[in-house]
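Data block for structure_22.cif (mmCIF, C-alpha atoms):
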data_work
loop_
_atom_site.label_atom_id
_atom_site.label_comp_id
_atom_site.auth_asym_id
_atom_site.auth_seq_id
_atom_site.Cartn_x
_atom_site.Cartn_y
_atom_site.Cartn_z
CA MET A 1393 -24.76 11.95 -9.68
CA ALA A 1394 -21.35 13.39 -8.89
CA ARG A 1395 -18.72 13.80 -11.58
CA LYS A 1396 -15.79 14.19 -9.16
CA VAL A 1397 -14.59 15.70 -5.90
CA ASP A 1398 -14.14 19.38 -6.74
CA HIS A 1399 -12.55 20.43 -3.45
CA ILE A 1400 -12.21 19.71 0.25
CA GLY A 1401 -13.18 22.53 2.62
CA ILE A 1402 -10.92 23.07 5.63
CA LEU A 1403 -11.76 25.39 8.52
CA VAL A 1404 -8.77 27.44 9.71
CA SER A 1405 -8.32 30.22 12.25
CA ASN A 1406 -5.80 32.19 10.18
CA LEU A 1407 -5.89 32.07 6.39
CA ASP A 1408 -2.40 33.45 5.76
CA GLU A 1409 -0.74 30.99 8.14
CA ALA A 1410 -2.71 28.07 6.72
CA ILE A 1411 -1.84 29.02 3.12
CA LYS A 1412 1.85 29.14 4.05
CA LEU A 1413 1.58 25.72 5.75
CA TYR A 1414 -0.09 24.00 2.77
CA LYS A 1415 2.36 25.65 0.39
CA ASP A 1416 5.45 24.66 2.40
CA CYS A 1417 4.30 21.14 3.27
CA PHE A 1418 2.52 20.03 0.11
CA GLY A 1419 3.35 22.52 -2.65
CA ALA A 1420 -0.22 23.84 -2.93
CA GLU A 1421 -0.59 27.12 -4.85
CA VAL A 1422 -3.19 29.84 -4.31
CA ASP A 1423 -5.65 30.15 -7.19
CA LYS A 1424 -8.04 32.66 -5.66
CA ILE A 1425 -8.77 34.47 -2.38
CA GLU A 1426 -12.20 35.97 -1.79
CA THR A 1427 -14.49 37.09 1.03
CA ILE A 1428 -17.90 35.39 0.84
CA SER A 1429 -19.97 37.49 3.25
CA GLU A 1430 -23.15 35.38 2.98
CA GLN A 1431 -21.19 32.29 4.06
CA GLY A 1432 -19.32 34.23 6.75
CA VAL A 1433 -15.85 33.35 5.49
CA LYS A 1434 -12.72 34.55 3.80
CA ALA A 1435 -11.84 31.66 1.47
CA ALA A 1436 -8.74 30.62 -0.45
CA ILE A 1437 -8.77 28.04 -3.23
CA LEU A 1438 -5.48 26.15 -3.39
CA SER A 1439 -4.55 23.79 -6.21
CA LEU A 1440 -2.07 20.93 -6.46
CA ALA A 1441 -0.43 19.66 -9.65
CA GLN A 1442 -3.58 17.66 -10.50
CA GLY A 1443 -7.07 16.89 -9.29
CA ALA A 1444 -9.19 18.19 -6.43
CA ASN A 1445 -8.49 21.57 -4.85
CA LEU A 1446 -8.33 22.58 -1.19
CA GLU A 1447 -10.56 25.41 0.06
CA LEU A 1448 -9.26 27.04 3.23
CA LEU A 1449 -11.97 28.89 5.15
CA GLU A 1450 -11.29 31.56 7.78
CA PRO A 1451 -14.51 32.64 9.52
CA LEU A 1452 -15.46 36.31 9.57
CA PRO A 1453 -15.88 37.69 13.12
CA GLY A 1454 -19.38 37.14 14.54
CA SER A 1455 -20.41 34.66 11.80
CA ASN A 1456 -21.91 31.20 12.28
CA MET A 1457 -18.65 29.84 10.91
CA ALA A 1458 -16.79 31.65 13.72
CA LYS A 1459 -19.05 29.83 16.21
CA ALA A 1460 -18.35 26.51 14.43
CA LEU A 1461 -14.60 27.16 14.67
CA GLU A 1462 -14.88 27.98 18.37
CA LYS A 1463 -16.93 24.84 19.05
CA ARG A 1464 -15.15 22.27 16.86
CA GLY A 1465 -11.73 23.76 16.25
CA GLU A 1466 -9.80 23.78 12.99
CA GLY A 1467 -9.98 20.80 10.63
CA LEU A 1468 -11.80 19.16 7.73
CA HIS A 1469 -15.13 20.91 7.19
CA HIS A 1470 -16.86 19.72 4.02
CA ILE A 1471 -16.42 17.88 0.75
CA THR A 1472 -17.66 19.30 -2.54
CA PHE A 1473 -18.83 17.19 -5.46
CA GLU A 1474 -19.11 18.67 -8.94
CA VAL A 1475 -22.42 17.82 -10.62
CA ASP A 1476 -23.96 18.79 -13.96
CA ASN A 1477 -27.03 20.45 -12.45
CA VAL A 1478 -27.26 21.30 -8.75
CA ASP A 1479 -31.03 21.93 -8.68
CA LYS A 1480 -31.77 18.63 -10.43
CA GLU A 1481 -29.60 16.77 -7.89
CA LEU A 1482 -31.29 18.59 -4.99
CA SER A 1483 -34.70 17.40 -6.25
CA ARG A 1484 -33.48 13.84 -6.68
CA LEU A 1485 -31.88 13.75 -3.21
CA SER A 1486 -34.88 15.38 -1.58
CA GLU A 1487 -37.18 12.74 -3.12
CA ARG A 1488 -35.00 10.09 -1.47
CA GLY A 1489 -35.56 11.73 1.93
CA ILE A 1490 -32.13 13.41 2.13
CA GLU A 1491 -32.32 16.61 4.19
CA LEU A 1492 -31.00 19.71 2.43
CA VAL A 1493 -29.45 22.86 3.90
CA ASP A 1494 -30.18 24.79 0.69
CA LYS A 1495 -33.47 24.05 -1.07
CA LYS A 1496 -32.13 25.62 -4.26
CA SER A 1497 -28.72 26.49 -5.67
CA ARG A 1498 -27.11 29.87 -5.00
CA PRO A 1499 -23.97 31.62 -6.27
CA GLY A 1500 -20.72 30.33 -4.72
CA LEU A 1501 -17.03 31.06 -5.22
CA GLU A 1502 -16.85 29.29 -8.61
CA GLY A 1503 -20.39 28.64 -9.77
CA MET A 1504 -23.75 27.60 -8.36
CA VAL A 1505 -23.63 25.68 -5.08
CA ALA A 1506 -25.87 24.08 -2.43
CA PHE A 1507 -25.21 22.27 0.83
CA ILE A 1508 -26.73 18.97 1.99
CA HIS A 1509 -27.32 18.40 5.70
CA PRO A 1510 -24.71 16.20 7.44
CA LYS A 1511 -27.40 14.43 9.44
CA SER A 1512 -28.62 12.75 6.23
CA LEU A 1513 -25.07 11.89 5.18
CA ARG A 1514 -23.73 10.24 8.32
CA GLY A 1515 -21.92 13.26 9.69
CA VAL A 1516 -20.41 14.55 6.43
CA LEU A 1517 -21.30 18.06 5.25
CA VAL A 1518 -21.52 17.83 1.45
CA GLU A 1519 -21.62 20.73 -1.00
CA LEU A 1520 -22.71 20.30 -4.60
CA CYS A 1521 -21.26 22.67 -7.19
CA GLN A 1522 -21.96 23.34 -10.83
CA LYS A 1523 -19.28 25.23 -12.72
CA ILE A 1524 -20.37 28.19 -14.85
CA MET B 259 5.36 17.89 -2.52
CA ALA B 260 1.93 16.45 -3.22
CA ARG B 261 0.90 15.45 -6.72
CA LYS B 262 -2.84 15.36 -5.97
CA VAL B 263 -5.51 14.42 -3.45
CA ASP B 264 -5.67 10.63 -3.75
CA HIS B 265 -8.68 10.11 -1.49
CA ILE B 266 -10.72 11.43 1.40
CA GLY B 267 -11.11 9.11 4.40
CA ILE B 268 -14.56 9.03 6.02
CA LEU B 269 -15.31 7.29 9.32
CA VAL B 270 -18.59 5.34 9.28
CA SER B 271 -20.32 3.03 11.75
CA ASN B 272 -21.64 0.62 9.11
CA LEU B 273 -19.74 0.08 5.86
CA ASP B 274 -22.58 -1.56 3.91
CA GLU B 275 -25.06 1.20 4.73
CA ALA B 276 -22.51 3.91 3.93
CA ILE B 277 -21.60 2.31 0.58
CA LYS B 278 -25.29 2.19 -0.35
CA LEU B 279 -25.72 5.86 0.63
CA TYR B 280 -22.75 7.11 -1.44
CA LYS B 281 -23.85 4.96 -4.37
CA ASP B 282 -27.48 6.13 -4.28
CA CYS B 283 -26.73 9.79 -3.60
CA PHE B 284 -23.61 10.41 -5.67
CA GLY B 285 -23.14 7.44 -8.02
CA ALA B 286 -19.92 6.26 -6.31
CA GLU B 287 -18.84 2.71 -7.21
CA VAL B 288 -16.92 0.25 -5.03
CA ASP B 289 -13.40 -0.45 -6.29
CA LYS B 290 -12.14 -2.54 -3.39
CA ILE B 291 -13.14 -3.70 0.10
CA GLU B 292 -10.48 -4.91 2.49
CA THR B 293 -9.87 -5.42 6.20
CA ILE B 294 -6.70 -3.65 7.37
CA SER B 295 -6.13 -5.18 10.81
CA GLU B 296 -3.11 -3.02 11.71
CA GLN B 297 -5.20 0.13 11.16
CA GLY B 298 -8.21 -1.38 12.94
CA VAL B 299 -10.63 -0.89 10.06
CA LYS B 300 -12.62 -2.50 7.31
CA ALA B 301 -12.16 -0.12 4.38
CA ALA B 302 -13.92 0.42 1.07
CA ILE B 303 -12.44 2.47 -1.76
CA LEU B 304 -15.18 4.15 -3.81
CA SER B 305 -14.56 5.93 -7.08
CA LEU B 306 -16.48 8.59 -8.99
CA ALA B 307 -16.35 9.21 -12.74
CA GLN B 308 -13.10 11.17 -12.31
CA GLY B 309 -10.56 12.30 -9.76
CA ALA B 310 -10.12 11.63 -6.05
CA ASN B 311 -11.65 8.54 -4.43
CA LEU B 312 -13.56 8.18 -1.18
CA GLU B 313 -12.33 5.74 1.45
CA LEU B 314 -15.05 4.62 3.86
CA LEU B 315 -13.67 3.26 7.14
CA GLU B 316 -15.64 1.07 9.53
CA PRO B 317 -13.68 0.46 12.76
CA LEU B 318 -13.04 -3.11 13.90
CA PRO B 319 -14.40 -3.81 17.40
CA GLY B 320 -11.99 -2.86 20.20
CA SER B 321 -9.67 -0.87 17.89
CA ASN B 322 -8.44 2.69 18.42
CA MET B 323 -10.60 3.65 15.45
CA ALA B 324 -13.63 2.27 17.30
CA LYS B 325 -12.76 4.60 20.20
CA ALA B 326 -12.39 7.51 17.76
CA LEU B 327 -15.82 6.75 16.29
CA GLU B 328 -17.36 6.61 19.76
CA LYS B 329 -15.76 9.91 20.77
CA ARG B 330 -16.16 11.97 17.57
CA GLY B 331 -18.93 10.24 15.67
CA GLU B 332 -19.09 9.57 11.95
CA GLY B 333 -17.67 12.08 9.47
CA LEU B 334 -14.62 13.28 7.56
CA HIS B 335 -11.52 11.61 8.99
CA HIS B 336 -8.43 12.31 6.87
CA ILE B 337 -7.17 13.52 3.52
CA THR B 338 -4.58 11.60 1.53
CA PHE B 339 -2.06 13.21 -0.79
CA GLU B 340 -0.24 11.16 -3.39
CA VAL B 341 3.50 11.84 -3.41
CA ASP B 342 6.42 10.36 -5.38
CA ASN B 343 8.30 9.13 -2.33
CA VAL B 344 6.70 8.97 1.12
CA ASP B 345 9.95 8.52 3.08
CA LYS B 346 11.58 11.49 1.34
CA GLU B 347 8.55 13.67 2.17
CA LEU B 348 8.57 12.47 5.80
CA SER B 349 12.23 13.57 6.12
CA ARG B 350 11.51 16.94 4.54
CA LEU B 351 8.47 17.57 6.76
CA SER B 352 10.26 16.39 9.89
CA GLU B 353 13.12 18.82 9.18
CA ARG B 354 10.53 21.60 9.10
CA GLY B 355 9.34 20.62 12.59
CA ILE B 356 6.16 18.86 11.43
CA GLU B 357 5.20 16.08 13.86
CA LEU B 358 4.73 12.67 12.25
CA VAL B 359 2.54 9.77 13.33
CA ASP B 360 4.62 7.33 11.25
CA LYS B 361 8.37 7.90 11.17
CA LYS B 362 8.66 5.73 8.06
CA SER B 363 6.29 4.47 5.38
CA ARG B 364 4.41 1.20 5.79
CA PRO B 365 2.18 -0.89 3.50
CA GLY B 366 -1.36 0.50 3.07
CA LEU B 367 -4.37 -0.47 0.99
CA GLU B 368 -2.84 0.64 -2.32
CA GLY B 369 0.85 1.25 -1.75
CA MET B 370 3.16 2.67 0.89
CA VAL B 371 1.58 5.15 3.31
CA ALA B 372 2.35 7.29 6.38
CA PHE B 373 0.30 9.63 8.56
CA ILE B 374 1.23 13.14 9.70
CA HIS B 375 0.00 14.37 13.08
CA PRO B 376 -3.01 16.72 12.95
CA LYS B 377 -1.52 18.94 15.64
CA SER B 378 1.14 20.09 13.17
CA LEU B 379 -1.44 20.58 10.41
CA ARG B 380 -4.03 22.70 12.20
CA GLY B 381 -6.43 19.88 13.04
CA VAL B 382 -6.23 17.98 9.74
CA LEU B 383 -5.05 14.35 9.75
CA VAL B 384 -3.03 13.93 6.55
CA GLU B 385 -1.91 10.65 5.00
CA LEU B 386 0.79 10.49 2.34
CA CYS B 387 0.63 7.64 -0.16
CA GLN B 388 2.96 6.37 -2.84
CA LYS B 389 1.42 4.03 -5.41
CA ILE B 390 3.30 0.83 -6.18
#
Could you render the structure as structure tokens?
Amino acid sequence: MARKVDHIGILVSNLDEAIKLYKDCFGAEVDKIETISEQGVKAAILSLAQGANLELLEPLPGSNMAKALEKRGEGLHHITFEVDNVDKELSRLSERGIELVDKKSRPGLEGMVAFIHPKSLRGVLVELCQKI
Amino acid sequence: MARKVDHIGILVSNLDEAIKLYKDCFGAEVDKIETISEQGVKAAILSLAQGANLELLEPLPGSNMAKALEKRGEGLHHITFEVDNVDKELSRLSERGIELVDKKSRPGLEGMVAFIHPKSLRGVLVELCQKI
């Protein structure tokens, strides 16, 4: 079961420009910028005064994410729910017939994460995260 | 400036099935279900234990939202930021050259709302809301 929405992932073509836009328009502040090679992105976590964060994702050249950007364009990419135990949730969802992208949790930007396949969730790519 | 992410809007083809899915998979509970004729949707607000809500949107037949569903399929639709004063934010954004869908706020499901055009926000449809 999900505790809350941790962040919303947004695919962008240029991280610096997107950070400036979200700062100017909505007052979002950068918490962290990091390259996550295994996910093929340079990512920035932006926070607002309260609540869920925004994660801006600029694909690394030649990555699957770069192909996704080329095909679908910029925009909302995924939603991340914080859970107590990612692997326990993966087992529970799998038993219900939900198709997983990741069969077990792996290290993410801020803890252990795993993705669930959008085809089981009516077109929404969902990430589960467990803070460490 | 945005205070927080109020909710994430998700386009679905069948509200009842989608509610069941988000309840079973993530423990989301229904707060409110309402038909918003002027937006062409039947909407359900779902809450988690904490933080941002989910807004599931089933298009009404013949609406623009029904066309959007046919064209793009189910999935993430918009992100809503809570602000203190929607009309003040619309003026500020407009002065910065941001293109608006709504030139002034109008009544929404839980207060006054207005949409900003995704072409000014790199593919992301943003709604501003002001609780009343």
Residues matched by the PyMOL selection byres ((chain B) within 8 of (chain A)), written as a PyMOL selection string: chain B and resi 259-263+270+276+279+283-286+306-311+331-336+351+379-382
What are the coordinates of chain B as a PDB file with C-alpha atoms, in the frame of the given file following a least-squares fit to chain A on all in-order C-alpha atoms?
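Wrote selection-v3.pdb, looks like this:
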ATOM      1  CA  MET B 259     -24.747  11.951  -9.665  1.00  0.00           C
ATOM      2  CA  ALA B 260     -21.336  13.397  -8.886  1.00  0.00           C
ATOM      3  CA  ARG B 261     -18.719  13.811 -11.586  1.00  0.00           C
ATOM      4  CA  LYS B 262     -15.788  14.198  -9.173  1.00  0.00           C
ATOM      5  CA  VAL B 263     -14.602  15.685  -5.895  1.00  0.00           C
ATOM      6  CA  ASP B 264     -14.147  19.366  -6.743  1.00  0.00           C
ATOM      7  CA  HIS B 265     -12.557  20.409  -3.454  1.00  0.00           C
ATOM      8  CA  ILE B 266     -12.203  19.711   0.240  1.00  0.00           C
ATOM      9  CA  GLY B 267     -13.185  22.537   2.602  1.00  0.00           C
ATOM     10  CA  ILE B 268     -10.924  23.055   5.628  1.00  0.00           C
ATOM     11  CA  LEU B 269     -11.759  25.380   8.522  1.00  0.00           C
ATOM     12  CA  VAL B 270      -8.772  27.437   9.709  1.00  0.00           C
ATOM     13  CA  SER B 271      -8.325  30.220  12.255  1.00  0.00           C
ATOM     14  CA  ASN B 272      -5.798  32.184  10.186  1.00  0.00           C
ATOM     15  CA  LEU B 273      -5.893  32.059   6.387  1.00  0.00           C
ATOM     16  CA  ASP B 274      -2.396  33.455   5.772  1.00  0.00           C
ATOM     17  CA  GLU B 275      -0.735  30.996   8.145  1.00  0.00           C
ATOM     18  CA  ALA B 276      -2.715  28.077   6.717  1.00  0.00           C
ATOM     19  CA  ILE B 277      -1.845  29.020   3.117  1.00  0.00           C
ATOM     20  CA  LYS B 278       1.843  29.139   4.053  1.00  0.00           C
ATOM     21  CA  LEU B 279       1.587  25.722   5.747  1.00  0.00           C
ATOM     22  CA  TYR B 280      -0.091  23.996   2.768  1.00  0.00           C
ATOM     23  CA  LYS B 281       2.368  25.644   0.391  1.00  0.00           C
ATOM     24  CA  ASP B 282       5.459  24.671   2.404  1.00  0.00           C
ATOM     25  CA  CYS B 283       4.311  21.158   3.275  1.00  0.00           C
ATOM     26  CA  PHE B 284       2.530  20.045   0.114  1.00  0.00           C
ATOM     27  CA  GLY B 285       3.372  22.531  -2.656  1.00  0.00           C
ATOM     28  CA  ALA B 286      -0.217  23.849  -2.925  1.00  0.00           C
ATOM     29  CA  GLU B 287      -0.575  27.133  -4.839  1.00  0.00           C
ATOM     30  CA  VAL B 288      -3.188  29.850  -4.308  1.00  0.00           C
ATOM     31  CA  ASP B 289      -5.646  30.160  -7.194  1.00  0.00           C
ATOM     32  CA  LYS B 290      -8.039  32.669  -5.664  1.00  0.00           C
ATOM     33  CA  ILE B 291      -8.772  34.469  -2.385  1.00  0.00           C
ATOM     34  CA  GLU B 292     -12.191  35.960  -1.806  1.00  0.00           C
ATOM     35  CA  THR B 293     -14.471  37.087   1.009  1.00  0.00           C
ATOM     36  CA  ILE B 294     -17.892  35.411   0.817  1.00  0.00           C
ATOM     37  CA  SER B 295     -19.962  37.496   3.240  1.00  0.00           C
ATOM     38  CA  GLU B 296     -23.141  35.395   2.955  1.00  0.00           C
ATOM     39  CA  GLN B 297     -21.187  32.294   4.031  1.00  0.00           C
ATOM     40  CA  GLY B 298     -19.324  34.226   6.734  1.00  0.00           C
ATOM     41  CA  VAL B 299     -15.849  33.346   5.492  1.00  0.00           C
ATOM     42  CA  LYS B 300     -12.718  34.534   3.789  1.00  0.00           C
ATOM     43  CA  ALA B 301     -11.834  31.657   1.464  1.00  0.00           C
ATOM     44  CA  ALA B 302      -8.736  30.623  -0.454  1.00  0.00           C
ATOM     45  CA  ILE B 303      -8.780  28.043  -3.236  1.00  0.00           C
ATOM     46  CA  LEU B 304      -5.474  26.152  -3.401  1.00  0.00           C
ATOM     47  CA  SER B 305      -4.541  23.799  -6.201  1.00  0.00           C
ATOM     48  CA  LEU B 306      -2.066  20.933  -6.464  1.00  0.00           C
ATOM     49  CA  ALA B 307      -0.421  19.658  -9.647  1.00  0.00           C
ATOM     50  CA  GLN B 308      -3.569  17.661 -10.481  1.00  0.00           C
ATOM     51  CA  GLY B 309      -7.065  16.885  -9.296  1.00  0.00           C
ATOM     52  CA  ALA B 310      -9.189  18.177  -6.428  1.00  0.00           C
ATOM     53  CA  ASN B 311      -8.477  21.569  -4.846  1.00  0.00           C
ATOM     54  CA  LEU B 312      -8.333  22.580  -1.200  1.00  0.00           C
ATOM     55  CA  GLU B 313     -10.555  25.387   0.051  1.00  0.00           C
ATOM     56  CA  LEU B 314      -9.264  27.033   3.226  1.00  0.00           C
ATOM     57  CA  LEU B 315     -11.977  28.886   5.155  1.00  0.00           C
ATOM     58  CA  GLU B 316     -11.287  31.548   7.768  1.00  0.00           C
ATOM     59  CA  PRO B 317     -14.519  32.629   9.509  1.00  0.00           C
ATOM     60  CA  LEU B 318     -15.462  36.312   9.558  1.00  0.00           C
ATOM     61  CA  PRO B 319     -15.904  37.676  13.098  1.00  0.00           C
ATOM     62  CA  GLY B 320     -19.397  37.127  14.529  1.00  0.00           C
ATOM     63  CA  SER B 321     -20.424  34.660  11.783  1.00  0.00           C
ATOM     64  CA  ASN B 322     -21.918  31.198  12.279  1.00  0.00           C
ATOM     65  CA  MET B 323     -18.650  29.828  10.918  1.00  0.00           C
ATOM     66  CA  ALA B 324     -16.809  31.645  13.714  1.00  0.00           C
ATOM     67  CA  LYS B 325     -19.060  29.825  16.206  1.00  0.00           C
ATOM     68  CA  ALA B 326     -18.354  26.518  14.440  1.00  0.00           C
ATOM     69  CA  LEU B 327     -14.608  27.160  14.674  1.00  0.00           C
ATOM     70  CA  GLU B 328     -14.903  27.977  18.373  1.00  0.00           C
ATOM     71  CA  LYS B 329     -16.939  24.838  19.060  1.00  0.00           C
ATOM     72  CA  ARG B 330     -15.157  22.267  16.856  1.00  0.00           C
ATOM     73  CA  GLY B 331     -11.741  23.757  16.236  1.00  0.00           C
ATOM     74  CA  GLU B 332      -9.797  23.769  12.990  1.00  0.00           C
ATOM     75  CA  GLY B 333      -9.976  20.801  10.618  1.00  0.00           C
ATOM     76  CA  LEU B 334     -11.798  19.149   7.730  1.00  0.00           C
ATOM     77  CA  HIS B 335     -15.126  20.905   7.191  1.00  0.00           C
ATOM     78  CA  HIS B 336     -16.860  19.705   4.015  1.00  0.00           C
ATOM     79  CA  ILE B 337     -16.425  17.870   0.741  1.00  0.00           C
ATOM     80  CA  THR B 338     -17.664  19.293  -2.544  1.00  0.00           C
ATOM     81  CA  PHE B 339     -18.844  17.189  -5.461  1.00  0.00           C
ATOM     82  CA  GLU B 340     -19.110  18.666  -8.928  1.00  0.00           C
ATOM     83  CA  VAL B 341     -22.415  17.827 -10.608  1.00  0.00           C
ATOM     84  CA  ASP B 342     -23.972  18.806 -13.957  1.00  0.00           C
ATOM     85  CA  ASN B 343     -27.021  20.468 -12.442  1.00  0.00           C
ATOM     86  CA  VAL B 344     -27.253  21.304  -8.736  1.00  0.00           C
ATOM     87  CA  ASP B 345     -31.020  21.946  -8.675  1.00  0.00           C
ATOM     88  CA  LYS B 346     -31.756  18.647 -10.429  1.00  0.00           C
ATOM     89  CA  GLU B 347     -29.591  16.784  -7.887  1.00  0.00           C
ATOM     90  CA  LEU B 348     -31.283  18.602  -4.981  1.00  0.00           C
ATOM     91  CA  SER B 349     -34.699  17.413  -6.256  1.00  0.00           C
ATOM     92  CA  ARG B 350     -33.467  13.853  -6.682  1.00  0.00           C
ATOM     93  CA  LEU B 351     -31.885  13.760  -3.210  1.00  0.00           C
ATOM     94  CA  SER B 352     -34.894  15.391  -1.574  1.00  0.00           C
ATOM     95  CA  GLU B 353     -37.177  12.749  -3.122  1.00  0.00           C
ATOM     96  CA  ARG B 354     -34.992  10.117  -1.468  1.00  0.00           C
ATOM     97  CA  GLY B 355     -35.565  11.747   1.933  1.00  0.00           C
ATOM     98  CA  ILE B 356     -32.141  13.416   2.140  1.00  0.00           C
ATOM     99  CA  GLU B 357     -32.329  16.620   4.203  1.00  0.00           C
ATOM    100  CA  LEU B 358     -30.995  19.711   2.441  1.00  0.00           C
ATOM    101  CA  VAL B 359     -29.455  22.851   3.905  1.00  0.00           C
ATOM    102  CA  ASP B 360     -30.179  24.791   0.693  1.00  0.00           C
ATOM    103  CA  LYS B 361     -33.459  24.050  -1.063  1.00  0.00           C
ATOM    104  CA  LYS B 362     -32.133  25.624  -4.261  1.00  0.00           C
ATOM    105  CA  SER B 363     -28.718  26.497  -5.661  1.00  0.00           C
ATOM    106  CA  ARG B 364     -27.114  29.868  -4.987  1.00  0.00           C
ATOM    107  CA  PRO B 365     -23.970  31.620  -6.264  1.00  0.00           C
ATOM    108  CA  GLY B 366     -20.720  30.336  -4.703  1.00  0.00           C
ATOM    109  CA  LEU B 367     -17.042  31.058  -5.230  1.00  0.00           C
ATOM    110  CA  GLU B 368     -16.859  29.316  -8.616  1.00  0.00           C
ATOM    111  CA  GLY B 369     -20.398  28.652  -9.776  1.00  0.00           C
ATOM    112  CA  MET B 370     -23.749  27.617  -8.353  1.00  0.00           C
ATOM    113  CA  VAL B 371     -23.627  25.674  -5.080  1.00  0.00           C
ATOM    114  CA  ALA B 372     -25.863  24.075  -2.427  1.00  0.00           C
ATOM    115  CA  PHE B 373     -25.209  22.249   0.839  1.00  0.00           C
ATOM    116  CA  ILE B 374     -26.728  18.956   1.995  1.00  0.00           C
ATOM    117  CA  HIS B 375     -27.314  18.396   5.709  1.00  0.00           C
ATOM    118  CA  PRO B 376     -24.716  16.197   7.444  1.00  0.00           C
ATOM    119  CA  LYS B 377     -27.407  14.420   9.441  1.00  0.00           C
ATOM    120  CA  SER B 378     -28.618  12.736   6.248  1.00  0.00           C
ATOM    121  CA  LEU B 379     -25.060  11.884   5.186  1.00  0.00           C
ATOM    122  CA  ARG B 380     -23.735  10.229   8.335  1.00  0.00           C
ATOM    123  CA  GLY B 381     -21.900  13.257   9.707  1.00  0.00           C
ATOM    124  CA  VAL B 382     -20.417  14.536   6.435  1.00  0.00           C
ATOM    125  CA  LEU B 383     -21.293  18.055   5.243  1.00  0.00           C
ATOM    126  CA  VAL B 384     -21.522  17.815   1.450  1.00  0.00           C
ATOM    127  CA  GLU B 385     -21.618  20.718  -0.995  1.00  0.00           C
ATOM    128  CA  LEU B 386     -22.714  20.287  -4.601  1.00  0.00           C
ATOM    129  CA  CYS B 387     -21.253  22.657  -7.179  1.00  0.00           C
ATOM    130  CA  GLN B 388     -21.964  23.331 -10.821  1.00  0.00           C
ATOM    131  CA  LYS B 389     -19.281  25.249 -12.712  1.00  0.00           C
ATOM    132  CA  ILE B 390     -20.419  28.176 -14.834  1.00  0.00           C
TER     133      ILE B 390
END
Would you write out, as a PDB file with C-alpha atoms, keeping the file's coordinate frame, every residue that the PyMOL selection byres ((chain B and resi 367) around 8) captures in this file?
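Below you can see part_29.pdb, which holds the result:
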ATOM      1  CA  GLU B 292     -10.480  -4.910   2.490  1.00  0.00           C
ATOM      2  CA  ILE B 294      -6.700  -3.650   7.370  1.00  0.00           C
ATOM      3  CA  PRO B 365       2.180  -0.890   3.500  1.00  0.00           C
ATOM      4  CA  GLY B 366      -1.360   0.500   3.070  1.00  0.00           C
ATOM      5  CA  GLU B 368      -2.840   0.640  -2.320  1.00  0.00           C
ATOM      6  CA  GLY B 369       0.850   1.250  -1.750  1.00  0.00           C
TER       7      GLY B 369
END
CA of Ala372 (chain B) to CA of Ser295 (chain B), straight-line distance in Å: 15.7 Å
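Using the PyMOL selection byres ((chain A and resi 1434) around 6) on this structure selects A:Glu1426, A:Thr1427, A:Val1433, A:Ala1435, A:Leu1449, A:Glu1450.
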Residue nearest Leu1492 (chain A) - candidates A:Val1478, A:Ala1460, A:Ile1524, A:Leu1438, atoms counted: all atoms listed in the file: A:Val1478
Distance of CA of His375 (chain B) from CA of Ile1411 (chain A), expressed in Å to one decimal place: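 CA of His375 (chain B) lies 17.8 Å from CA of Ile1411 (chain A).
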Between CA of Lys278 (chain B) and CA of Ser1483 (chain A), distance in Å (one decimal):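 Computing the Euclidean distance for CA of Lys278 (chain B) and CA of Ser1483 (chain A) yields 18.8 Å.
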